>>> print(open('input25.cif').read())   # mmCIF, C-alpha atoms
data_work
loop_
_atom_site.group_PDB
_atom_site.id
_atom_site.type_symbol
_atom_site.label_atom_id
_atom_site.label_comp_id
_atom_site.auth_asym_id
_atom_site.auth_seq_id
_atom_site.Cartn_x
_atom_site.Cartn_y
_atom_site.Cartn_z
ATOM 1 C CA MET A 26 -18.159 71.185 41.143
ATOM 2 C CA ASN A 27 -15.681 71.722 44.005
ATOM 3 C CA ASN A 28 -16.151 75.473 43.996
ATOM 4 C CA THR A 29 -19.918 75.057 44.402
ATOM 5 C CA VAL A 30 -19.710 72.970 47.578
ATOM 6 C CA TYR A 31 -20.728 75.102 50.550
ATOM 7 C CA ARG A 32 -20.408 72.832 53.567
ATOM 8 C CA GLY A 33 -21.042 69.434 52.060
ATOM 9 C CA LYS A 34 -23.290 68.209 54.849
ATOM 10 C CA SER A 35 -26.839 66.877 54.718
ATOM 11 C CA GLY A 36 -28.367 70.355 54.400
ATOM 12 C CA GLN A 37 -26.392 71.070 51.262
ATOM 13 C CA TRP A 38 -27.183 67.694 49.735
ATOM 14 C CA ALA A 39 -30.867 68.315 50.455
ATOM 15 C CA PHE A 40 -30.549 71.676 48.669
ATOM 16 C CA MET A 41 -28.892 70.030 45.631
ATOM 17 C CA ALA A 42 -31.387 67.152 45.583
ATOM 18 C CA HIS A 43 -34.269 69.647 45.784
ATOM 19 C CA ARG A 44 -32.994 71.456 42.684
ATOM 20 C CA ILE A 45 -32.290 68.268 40.744
ATOM 21 C CA ALA A 46 -35.674 66.720 41.606
ATOM 22 C CA GLY A 47 -37.465 69.976 40.744
ATOM 23 C CA THR A 48 -35.701 70.189 37.383
ATOM 24 C CA LEU A 49 -36.570 66.575 36.542
ATOM 25 C CA VAL A 50 -40.253 67.052 37.405
ATOM 26 C CA PHE A 51 -40.282 70.248 35.342
ATOM 27 C CA LEU A 52 -38.713 68.528 32.310
ATOM 28 C CA PHE A 53 -41.322 65.800 32.581
ATOM 29 C CA LEU A 54 -44.054 68.460 32.689
ATOM 30 C CA LEU A 55 -42.744 69.879 29.381
ATOM 31 C CA LEU A 56 -42.908 66.393 27.824
ATOM 32 C CA HIS A 57 -46.318 65.796 29.381
ATOM 33 C CA VAL A 58 -47.805 68.938 27.752
ATOM 34 C CA VAL A 59 -46.805 67.501 24.372
ATOM 35 C CA ASP A 60 -48.005 63.928 25.004
ATOM 36 C CA VAL A 61 -51.419 65.091 26.295
ATOM 37 C CA SER A 62 -51.830 67.552 23.432
ATOM 38 C CA LEU A 63 -51.610 64.609 21.006
ATOM 39 C CA VAL A 64 -55.191 63.782 22.053
ATOM 40 C CA ASN A 65 -56.359 66.767 20.019
ATOM 41 C CA ALA A 66 -54.141 66.121 17.015
ATOM 42 C CA SER A 67 -54.858 62.366 16.818
ATOM 43 C CA PRO A 68 -56.466 60.192 19.529
ATOM 44 C CA ARG A 69 -54.913 57.158 17.823
ATOM 45 C CA VAL A 70 -51.352 58.484 18.198
ATOM 46 C CA TYR A 71 -52.199 59.538 21.777
ATOM 47 C CA ASN A 72 -53.260 55.946 22.557
ATOM 48 C CA GLU A 73 -50.113 54.499 20.979
ATOM 49 C CA VAL A 74 -47.906 56.781 23.079
ATOM 50 C CA HIS A 75 -49.764 55.824 26.253
ATOM 51 C CA GLU A 76 -49.388 52.125 25.414
ATOM 52 C CA LEU A 77 -45.674 52.857 25.134
ATOM 53 C CA TYR A 78 -45.727 54.303 28.679
ATOM 54 C CA GLY A 79 -46.737 50.790 29.791
ATOM 55 C CA ASN A 80 -43.313 49.471 28.725
ATOM 56 C CA VAL A 81 -41.274 48.297 31.741
ATOM 57 C CA PHE A 82 -38.514 50.862 31.176
ATOM 58 C CA LEU A 83 -41.003 53.697 31.079
ATOM 59 C CA ARG A 84 -42.658 52.239 34.193
ATOM 60 C CA LEU A 85 -39.299 52.549 35.959
ATOM 61 C CA PHE A 86 -39.124 56.100 34.631
ATOM 62 C CA GLU A 87 -42.612 56.622 36.109
ATOM 63 C CA ILE A 88 -41.337 55.460 39.516
ATOM 64 C CA GLY A 89 -38.435 57.898 39.158
ATOM 65 C CA LEU A 90 -40.968 60.654 38.529
ATOM 66 C CA LEU A 91 -42.875 59.579 41.657
ATOM 67 C CA ALA A 92 -39.666 59.715 43.724
ATOM 68 C CA ALA A 93 -38.693 63.163 42.416
ATOM 69 C CA LEU A 94 -42.219 64.516 42.850
ATOM 70 C CA VAL A 95 -42.694 63.251 46.405
ATOM 71 C CA PHE A 96 -39.195 64.261 47.526
ATOM 72 C CA HIS A 97 -39.523 67.771 46.059
ATOM 73 C CA SER A 98 -43.012 68.182 47.589
ATOM 74 C CA LEU A 99 -42.065 67.044 51.096
ATOM 75 C CA ASN A 100 -38.703 68.802 51.121
ATOM 76 C CA GLY A 101 -40.474 71.963 49.923
ATOM 77 C CA LEU A 102 -42.800 71.622 52.889
ATOM 78 C CA ARG A 103 -39.726 71.252 55.104
ATOM 79 C CA ILE A 104 -38.261 74.500 53.725
ATOM 80 C CA ILE A 105 -41.561 76.363 54.212
ATOM 81 C CA THR A 106 -41.640 75.158 57.821
ATOM 82 C CA TYR A 107 -38.313 76.916 58.541
ATOM 83 C CA ASP A 108 -39.485 80.110 56.847
ATOM 84 C CA PHE A 109 -42.507 80.402 59.100
ATOM 85 C CA PHE A 110 -41.169 78.661 62.236
ATOM 86 C CA PRO A 111 -37.440 79.527 62.364
ATOM 87 C CA GLY A 112 -37.007 77.487 65.550
ATOM 88 C CA ALA A 113 -37.625 74.316 63.547
ATOM 89 C CA VAL A 114 -34.195 74.745 61.875
ATOM 90 C CA LYS A 115 -32.679 73.132 64.986
ATOM 91 C CA ARG A 116 -34.408 69.929 63.925
ATOM 92 C CA GLN A 117 -33.552 70.216 60.212
ATOM 93 C CA LYS A 118 -31.564 66.980 60.023
ATOM 94 C CA GLU A 119 -34.261 64.910 61.708
ATOM 95 C CA MET A 120 -36.862 66.490 59.422
ATOM 96 C CA LEU A 121 -34.757 65.555 56.383
ATOM 97 C CA TRP A 122 -34.737 61.938 57.573
ATOM 98 C CA VAL A 123 -38.541 62.066 57.897
ATOM 99 C CA VAL A 124 -38.760 63.432 54.311
ATOM 100 C CA LEU A 125 -36.477 60.646 53.047
ATOM 101 C CA PHE A 126 -38.389 57.987 54.960
ATOM 102 C CA LEU A 127 -41.778 59.125 53.625
ATOM 103 C CA THR A 128 -40.350 59.397 50.082
ATOM 104 C CA SER A 129 -39.005 55.830 50.308
ATOM 105 C CA LEU A 130 -42.347 54.625 51.598
ATOM 106 C CA ALA A 131 -44.179 56.284 48.687
ATOM 107 C CA VAL A 132 -41.678 54.819 46.191
ATOM 108 C CA VAL A 133 -41.969 51.291 47.587
ATOM 109 C CA ILE A 134 -45.787 51.275 47.745
ATOM 110 C CA GLY A 135 -46.290 53.302 44.544
ATOM 111 C CA GLY A 136 -43.576 51.295 42.772
ATOM 112 C CA TRP A 137 -45.337 48.062 43.677
ATOM 113 C CA VAL A 138 -48.628 49.337 42.228
ATOM 114 C CA ILE A 139 -46.955 50.711 39.078
ATOM 115 C CA LEU A 140 -44.909 47.553 38.338
ATOM 116 C CA HIS A 141 -47.702 45.128 39.294
ATOM 117 C CA PRO A 142 -49.245 44.943 35.771
ATOM 118 C CA PHE A 143 -45.806 44.177 34.300
ATOM 119 C CA PHE A 144 -45.231 41.165 36.574
ATOM 120 C CA PHE A 145 -48.771 39.885 37.002
ATOM 121 C CA GLY A 146 -50.635 41.225 33.949
ATOM 122 C CA SER A 147 -53.247 43.933 33.847
ATOM 123 C CA GLY A 148 -56.037 41.605 34.946
ATOM 124 C CA ASP A 149 -58.145 42.580 31.925
ATOM 125 C CA MET B 779 10.436 106.457 64.670
ATOM 126 C CA ALA B 780 7.297 105.235 66.320
ATOM 127 C CA THR B 781 4.192 107.098 65.301
ATOM 128 C CA SER B 782 0.870 106.889 66.975
ATOM 129 C CA VAL B 783 -1.851 105.082 65.051
ATOM 130 C CA GLU B 784 -3.964 107.486 63.056
ATOM 131 C CA PRO B 785 -7.667 107.237 63.819
ATOM 132 C CA ARG B 786 -9.461 105.623 60.893
ATOM 133 C CA ALA B 787 -11.515 107.680 58.531
ATOM 134 C CA PRO B 788 -15.205 107.255 59.265
ATOM 135 C CA LYS B 789 -16.790 104.665 57.005
ATOM 136 C CA THR B 790 -19.659 105.717 54.844
ATOM 137 C CA SER B 791 -20.420 102.579 52.855
ATOM 138 C CA VAL B 792 -24.001 101.316 53.192
ATOM 139 C CA THR B 793 -22.766 97.894 54.226
ATOM 140 C CA ASP B 794 -21.102 99.387 57.314
ATOM 141 C CA GLN B 795 -24.415 100.433 58.756
ATOM 142 C CA PRO B 796 -25.957 98.005 61.194
ATOM 143 C CA ARG B 797 -28.185 95.598 59.273
ATOM 144 C CA LEU B 798 -31.385 96.507 61.083
ATOM 145 C CA GLN B 799 -31.010 100.217 60.331
ATOM 146 C CA ARG B 800 -31.040 99.589 56.602
ATOM 147 C CA ARG B 801 -34.404 99.964 54.983
ATOM 148 C CA PRO B 802 -35.671 96.495 54.077
ATOM 149 C CA ARG B 803 -36.147 96.275 50.322
ATOM 150 C CA VAL B 804 -39.415 94.850 49.080
ATOM 151 C CA ASN B 805 -38.691 94.038 45.481
ATOM 152 C CA THR B 806 -39.676 91.464 42.905
ATOM 153 C CA GLU B 807 -37.411 88.856 44.511
ATOM 154 C CA VAL B 808 -39.518 89.036 47.674
ATOM 155 C CA TRP B 809 -42.657 88.435 45.634
ATOM 156 C CA SER B 810 -40.866 85.599 43.869
ATOM 157 C CA TRP B 811 -40.099 84.111 47.300
ATOM 158 C CA TYR B 812 -43.778 84.289 48.349
ATOM 159 C CA PHE B 813 -44.885 82.948 44.983
ATOM 160 C CA MET B 814 -42.675 79.851 45.313
ATOM 161 C CA ARG B 815 -44.157 79.039 48.737
ATOM 162 C CA ILE B 816 -47.791 79.665 47.848
ATOM 163 C CA SER B 817 -47.704 77.991 44.422
ATOM 164 C CA GLY B 818 -45.687 75.178 46.010
ATOM 165 C CA LEU B 819 -48.430 74.500 48.549
ATOM 166 C CA PHE B 820 -51.090 74.445 45.812
ATOM 167 C CA LEU B 821 -48.930 72.223 43.606
ATOM 168 C CA LEU B 822 -48.245 69.833 46.479
ATOM 169 C CA PHE B 823 -51.954 69.106 46.622
ATOM 170 C CA LEU B 824 -52.753 69.362 42.877
ATOM 171 C CA ALA B 825 -49.759 67.393 41.587
ATOM 172 C CA LEU B 826 -49.758 64.601 44.182
ATOM 173 C CA ALA B 827 -53.526 64.069 43.774
ATOM 174 C CA HIS B 828 -53.097 64.102 39.987
ATOM 175 C CA PHE B 829 -50.311 61.521 40.149
ATOM 176 C CA PHE B 830 -52.330 59.376 42.540
ATOM 177 C CA ILE B 831 -55.386 59.359 40.252
ATOM 178 C CA THR B 832 -53.571 58.808 36.939
ATOM 179 C CA HIS B 833 -50.784 56.426 38.061
ATOM 180 C CA ILE B 834 -52.003 54.624 41.186
ATOM 181 C CA LEU B 835 -55.805 54.401 40.936
ATOM 182 C CA HIS B 836 -55.522 53.879 37.161
ATOM 183 C CA ASP B 837 -52.746 52.154 35.264
ATOM 184 C CA VAL B 838 -50.847 54.419 32.871
ATOM 185 C CA THR B 839 -52.042 52.322 29.898
ATOM 186 C CA ASP B 840 -55.670 52.921 30.950
ATOM 187 C CA THR B 841 -55.319 56.680 30.675
ATOM 188 C CA ASN B 842 -56.167 56.546 26.947
ATOM 189 C CA ALA B 843 -58.131 58.964 24.794
ATOM 190 C CA ASN B 844 -61.439 57.651 26.248
ATOM 191 C CA PHE B 845 -60.148 58.397 29.745
ATOM 192 C CA VAL B 846 -59.369 61.981 28.734
ATOM 193 C CA ALA B 847 -62.757 62.334 27.005
ATOM 194 C CA ALA B 848 -64.611 61.198 30.136
ATOM 195 C CA ARG B 849 -62.559 63.427 32.402
ATOM 196 C CA TRP B 850 -62.653 66.574 30.319
ATOM 197 C CA GLN B 851 -66.454 66.443 30.014
ATOM 198 C CA ASN B 852 -66.329 68.089 33.412
ATOM 199 C CA PRO B 853 -65.012 71.673 33.157
ATOM 200 C CA LEU B 854 -63.727 71.435 36.741
ATOM 201 C CA TRP B 855 -61.219 68.789 35.661
ATOM 202 C CA ARG B 856 -60.118 71.083 32.827
ATOM 203 C CA LEU B 857 -59.687 73.852 35.406
ATOM 204 C CA TRP B 858 -57.689 71.473 37.635
ATOM 205 C CA ASP B 859 -55.437 70.449 34.747
ATOM 206 C CA TRP B 860 -55.003 74.024 33.546
ATOM 207 C CA SER B 861 -54.085 75.136 37.112
ATOM 208 C CA LEU B 862 -51.459 72.406 37.192
ATOM 209 C CA LEU B 863 -50.154 73.550 33.816
ATOM 210 C CA ALA B 864 -50.019 77.246 34.717
ATOM 211 C CA LEU B 865 -48.747 76.941 38.307
ATOM 212 C CA GLY B 866 -46.359 74.102 37.448
ATOM 213 C CA LEU B 867 -44.784 76.017 34.568
ATOM 214 C CA MET B 868 -44.495 79.282 36.548
ATOM 215 C CA HIS B 869 -43.063 77.520 39.626
ATOM 216 C CA GLY B 870 -40.642 75.598 37.392
ATOM 217 C CA VAL B 871 -39.612 78.642 35.353
ATOM 218 C CA ASN B 872 -38.842 80.574 38.522
ATOM 219 C CA GLY B 873 -36.908 77.647 40.013
ATOM 220 C CA LEU B 874 -34.880 77.192 36.832
ATOM 221 C CA ARG B 875 -34.284 80.975 36.817
ATOM 222 C CA PHE B 876 -32.594 80.663 40.239
ATOM 223 C CA ILE B 877 -30.473 77.807 38.916
ATOM 224 C CA MET B 878 -29.496 79.688 35.731
ATOM 225 C CA ASN B 879 -28.568 82.752 37.810
ATOM 226 C CA ASP B 880 -26.353 80.567 40.001
ATOM 227 C CA TYR B 881 -24.549 78.516 37.391
ATOM 228 C CA ILE B 882 -24.422 80.548 34.162
ATOM 229 C CA VAL B 883 -21.866 83.204 34.961
ATOM 230 C CA THR B 884 -21.192 84.826 31.574
ATOM 231 C CA ALA B 885 -23.773 87.548 30.911
ATOM 232 C CA TRP B 886 -24.432 86.806 27.224
ATOM 233 C CA LYS B 887 -24.664 83.058 27.813
ATOM 234 C CA ARG B 888 -27.136 83.616 30.638
ATOM 235 C CA ALA B 889 -29.246 86.007 28.557
ATOM 236 C CA THR B 890 -29.266 83.629 25.574
ATOM 237 C CA THR B 891 -30.137 80.565 27.672
ATOM 238 C CA LYS B 892 -32.957 82.446 29.413
ATOM 239 C CA ALA B 893 -34.349 83.771 26.127
ATOM 240 C CA ILE B 894 -34.478 80.262 24.600
ATOM 241 C CA PHE B 895 -35.822 78.733 27.822
ATOM 242 C CA TYR B 896 -38.596 81.320 28.299
ATOM 243 C CA SER B 897 -39.594 80.996 24.631
ATOM 244 C CA VAL B 898 -39.896 77.201 24.806
ATOM 245 C CA VAL B 899 -41.895 77.320 28.048
ATOM 246 C CA GLY B 900 -44.118 80.151 26.765
ATOM 247 C CA PHE B 901 -44.854 78.157 23.611
ATOM 248 C CA LEU B 902 -45.711 75.007 25.612
ATOM 249 C CA PHE B 903 -47.934 77.037 27.943
ATOM 250 C CA LEU B 904 -49.921 78.335 24.967
ATOM 251 C CA TYR B 905 -49.988 74.888 23.352
ATOM 252 C CA GLY B 906 -51.278 73.228 26.545
ATOM 253 C CA THR B 907 -53.848 75.977 27.141
ATOM 254 C CA ILE B 908 -55.160 75.620 23.580
ATOM 255 C CA THR B 909 -55.389 71.830 24.035
ATOM 256 C CA ILE B 910 -57.439 72.140 27.233
ATOM 257 C CA LEU B 911 -59.707 74.883 25.849
ATOM 258 C CA THR B 912 -60.382 73.484 22.359
ATOM 259 C CA TYR B 913 -60.716 69.760 23.163
ATOM 260 C CA GLN B 914 -64.088 68.396 21.992
ATOM 261 C CA THR B 915 -65.296 65.283 23.826
#
>>> encode(input="input25.cif", output="structure tokens")
Amino acid sequence: MNNTVYRGKSGQWAFMAHRIAGTLVFLFLLLHVVDVSLVNASPRVYNEVHELYGNVFLRLFEIGLLAALVFHSLNGLRIITYDFFPGAVKRQKEMLWVVLFLTSLAVVIGGWVILHPFFFGSGD
Amino acid sequence: MATSVEPRAPKTSVTDQPRLQRRPRVNTEVWSWYFMRISGLFLLFLALAHFFITHILHDVTDTNANFVAARWQNPLWRLWDWSLLALGLMHGVNGLRFIMNDYIVTAWKRATTKAIFYSVVGFLFLYGTITILTYQT
């Protein structure tokens, strides 16, 4: 990967992370088309698959999806900001920290909600 | 014997012209650039709201076949989900196209990877569209 490193500072890592997060969300979307389409083929199989999503490992996977989705969304917004307000590039590093802070916040709060049924039961 | 330096031959290459005098090219890559920003803004709203409803307001195990049946009784939810499908796949295909262009250097490998990739995504787009259109509550 050495020959693909441009400057190796935060801006480049944000660029790499944006691509990786986008790819992961996209791969999940491909899987998601198939799992939702099961509802037409067999509602019973659809239900079994969605019970499986309640497994703790797949809940962690769900939190990973949340992290990738929120990071890619907010970092995308950051990129759009520079395209339309070029002066904002001067503050790119600070804006990256804001993106990372908001992503962490979403992961902590969302992660709590997603893992809650595993630790404390679904309350049904 | 010292000779005087010959004056250089005038350059004629297009890249030697000052940047601003070159005619800006409006091609498909410019449209692709706009598309990524506009679809991205729509997806930011559609995808985050979708995740919030199906993973935060509801538990993932509650989003069973009954949940889908109740939701898809409303054609606006089908439109929402289809917009996510269409915009998400197009935005993702274009993003992955950038990545393939950057990292797959050999021409035949790039062409083969793209052909397989576009076929798989095209099939899933049709499959998802058929699911949303033909589902009977």
>>> closest_residue(input="input25.cif", among="B:Asn872, B:Thr839, B:Ser897, B:Ser810", to="Tyr78 of chain A", atoms="all atoms listed in the file")
B:Thr839
>>> residues_around(input="input25.cif", residues="Ile834 of chain B", least_positions_apart="2", cutoff="8 Å", atoms="only C-alpha atoms", output="PyMOL selection string")
(chain A and resi 135+138-139) or (chain B and resi 829-832+836-837)
>>> closest_residue(input="input25.cif", among="B:Ala864, B:Ile816, B:Leu857, B:Leu822", to="chain A", atoms="only C-alpha atoms")
B:Leu822
>>> interface_residues(input="input25.cif", of="chain A", to="chain B", cutoff="6 Å", atoms="only C-alpha atoms", output="PyMOL selection string")
chain A and resi 51+58+62+68+72+75-76+79+98
>>> residues_around(input="input25.cif", residues="Leu125 of chain A", least_positions_apart="2", cutoff="12 Å", atoms="all atoms listed in the file", output="ChimeraX atom specification")
/A:35,39,42-43,92-93,95-100,103,118-123,127-132
>>> atom_distance(input="input25.cif", atom1="atom CA of Arg856 of chain B", atom2="atom CA of Leu904 of chain B")
14.8 Å
>>> atom_distance(input="input25.cif", atom1="atom CA of Ser817 of chain B", atom2="atom CA of Leu865 of chain B")
6.3 Å
>>> atom_distance(input="input25.cif", atom1="atom CA of Trp137 of chain A", atom2="atom CA of Val81 of chain A")
12.6 Å
>>> closest_residue(input="input25.cif", among="B:Phe845, B:Tyr896, B:Phe901, B:Trp858", to="Phe820 of chain B", atoms="all atoms listed in the file")
B:Trp858
>>> closest_residue(input="input25.cif", among="B:Thr884, B:Arg849, B:Val804, B:Asp859", to="Ala827 of chain B", atoms="only C-alpha atoms")
B:Asp859
>>> resolve_selection(input="input25.cif", expression="the PyMOL selection byres ((chain A and resi 143) around 9)", output="MDAnalysis selection string")
chainID A and resid 79:81 84 139:142 144:147
>>> closest_residue(input="input25.cif", among="B:Ser861, B:Ile882, B:Trp850, B:Arg888", to="Val64 of chain A", atoms="all atoms listed in the file")
B:Trp850
>>> decode(input="input25.cif", residues="segment 52-102 of chain A", atoms="C-alpha atoms", output="compact mmCIF listing (two decimals), in the first residue's frame")
# COMPACT_ATOMS: atom_id res chain seq x y z
CA LEU A 52 -22.08 -4.45 0.60
CA PHE A 53 -24.65 -4.46 3.37
CA LEU A 54 -27.20 -2.94 0.98
CA LEU A 55 -26.61 -5.85 -1.44
CA LEU A 56 -27.23 -8.33 1.41
CA HIS A 57 -30.23 -6.32 2.58
CA VAL A 58 -31.94 -6.53 -0.85
CA VAL A 59 -31.76 -10.32 -0.56
CA ASP A 60 -32.90 -10.57 3.08
CA VAL A 61 -35.91 -8.27 2.50
CA SER A 62 -36.86 -10.07 -0.70
CA LEU A 63 -37.28 -13.27 1.34
CA VAL A 64 -40.57 -11.76 2.58
CA ASN A 65 -42.06 -12.47 -0.83
CA ALA A 66 -40.59 -15.93 -1.23
CA SER A 67 -41.45 -17.11 2.31
CA PRO A 68 -42.49 -14.92 5.27
CA ARG A 69 -41.45 -17.78 7.57
CA VAL A 70 -37.85 -17.81 6.29
CA TYR A 71 -37.85 -13.98 6.42
CA ASN A 72 -38.83 -14.13 10.12
CA GLU A 73 -36.16 -16.73 10.89
CA VAL A 74 -33.47 -14.58 9.28
CA HIS A 75 -34.61 -11.52 11.24
CA GLU A 76 -34.55 -13.52 14.48
CA LEU A 77 -30.96 -14.38 13.56
CA TYR A 78 -30.18 -10.64 13.27
CA GLY A 79 -31.04 -10.47 16.99
CA ASN A 80 -27.98 -12.62 17.79
CA VAL A 81 -25.36 -10.64 19.76
CA PHE A 82 -22.71 -10.98 17.04
CA LEU A 83 -25.07 -9.65 14.41
CA ARG A 84 -26.04 -6.85 16.81
CA LEU A 85 -22.36 -5.86 16.93
CA PHE A 86 -22.37 -6.04 13.14
CA GLU A 87 -25.42 -3.74 13.23
CA ILE A 88 -23.46 -1.23 15.34
CA GLY A 89 -20.63 -1.45 12.80
CA LEU A 90 -23.15 -0.62 10.08
CA LEU A 91 -24.35 2.36 12.14
CA ALA A 92 -20.76 3.61 12.52
CA ALA A 93 -19.99 3.25 8.80
CA LEU A 94 -23.29 4.84 7.78
CA VAL A 95 -23.00 7.85 10.10
CA PHE A 96 -19.31 8.42 9.35
CA HIS A 97 -19.84 8.22 5.57
CA SER A 98 -22.89 10.53 5.78
CA LEU A 99 -21.22 13.22 7.91
CA ASN A 100 -17.88 13.04 6.11
CA GLY A 101 -19.77 13.30 2.81
CA LEU A 102 -21.39 16.45 4.13
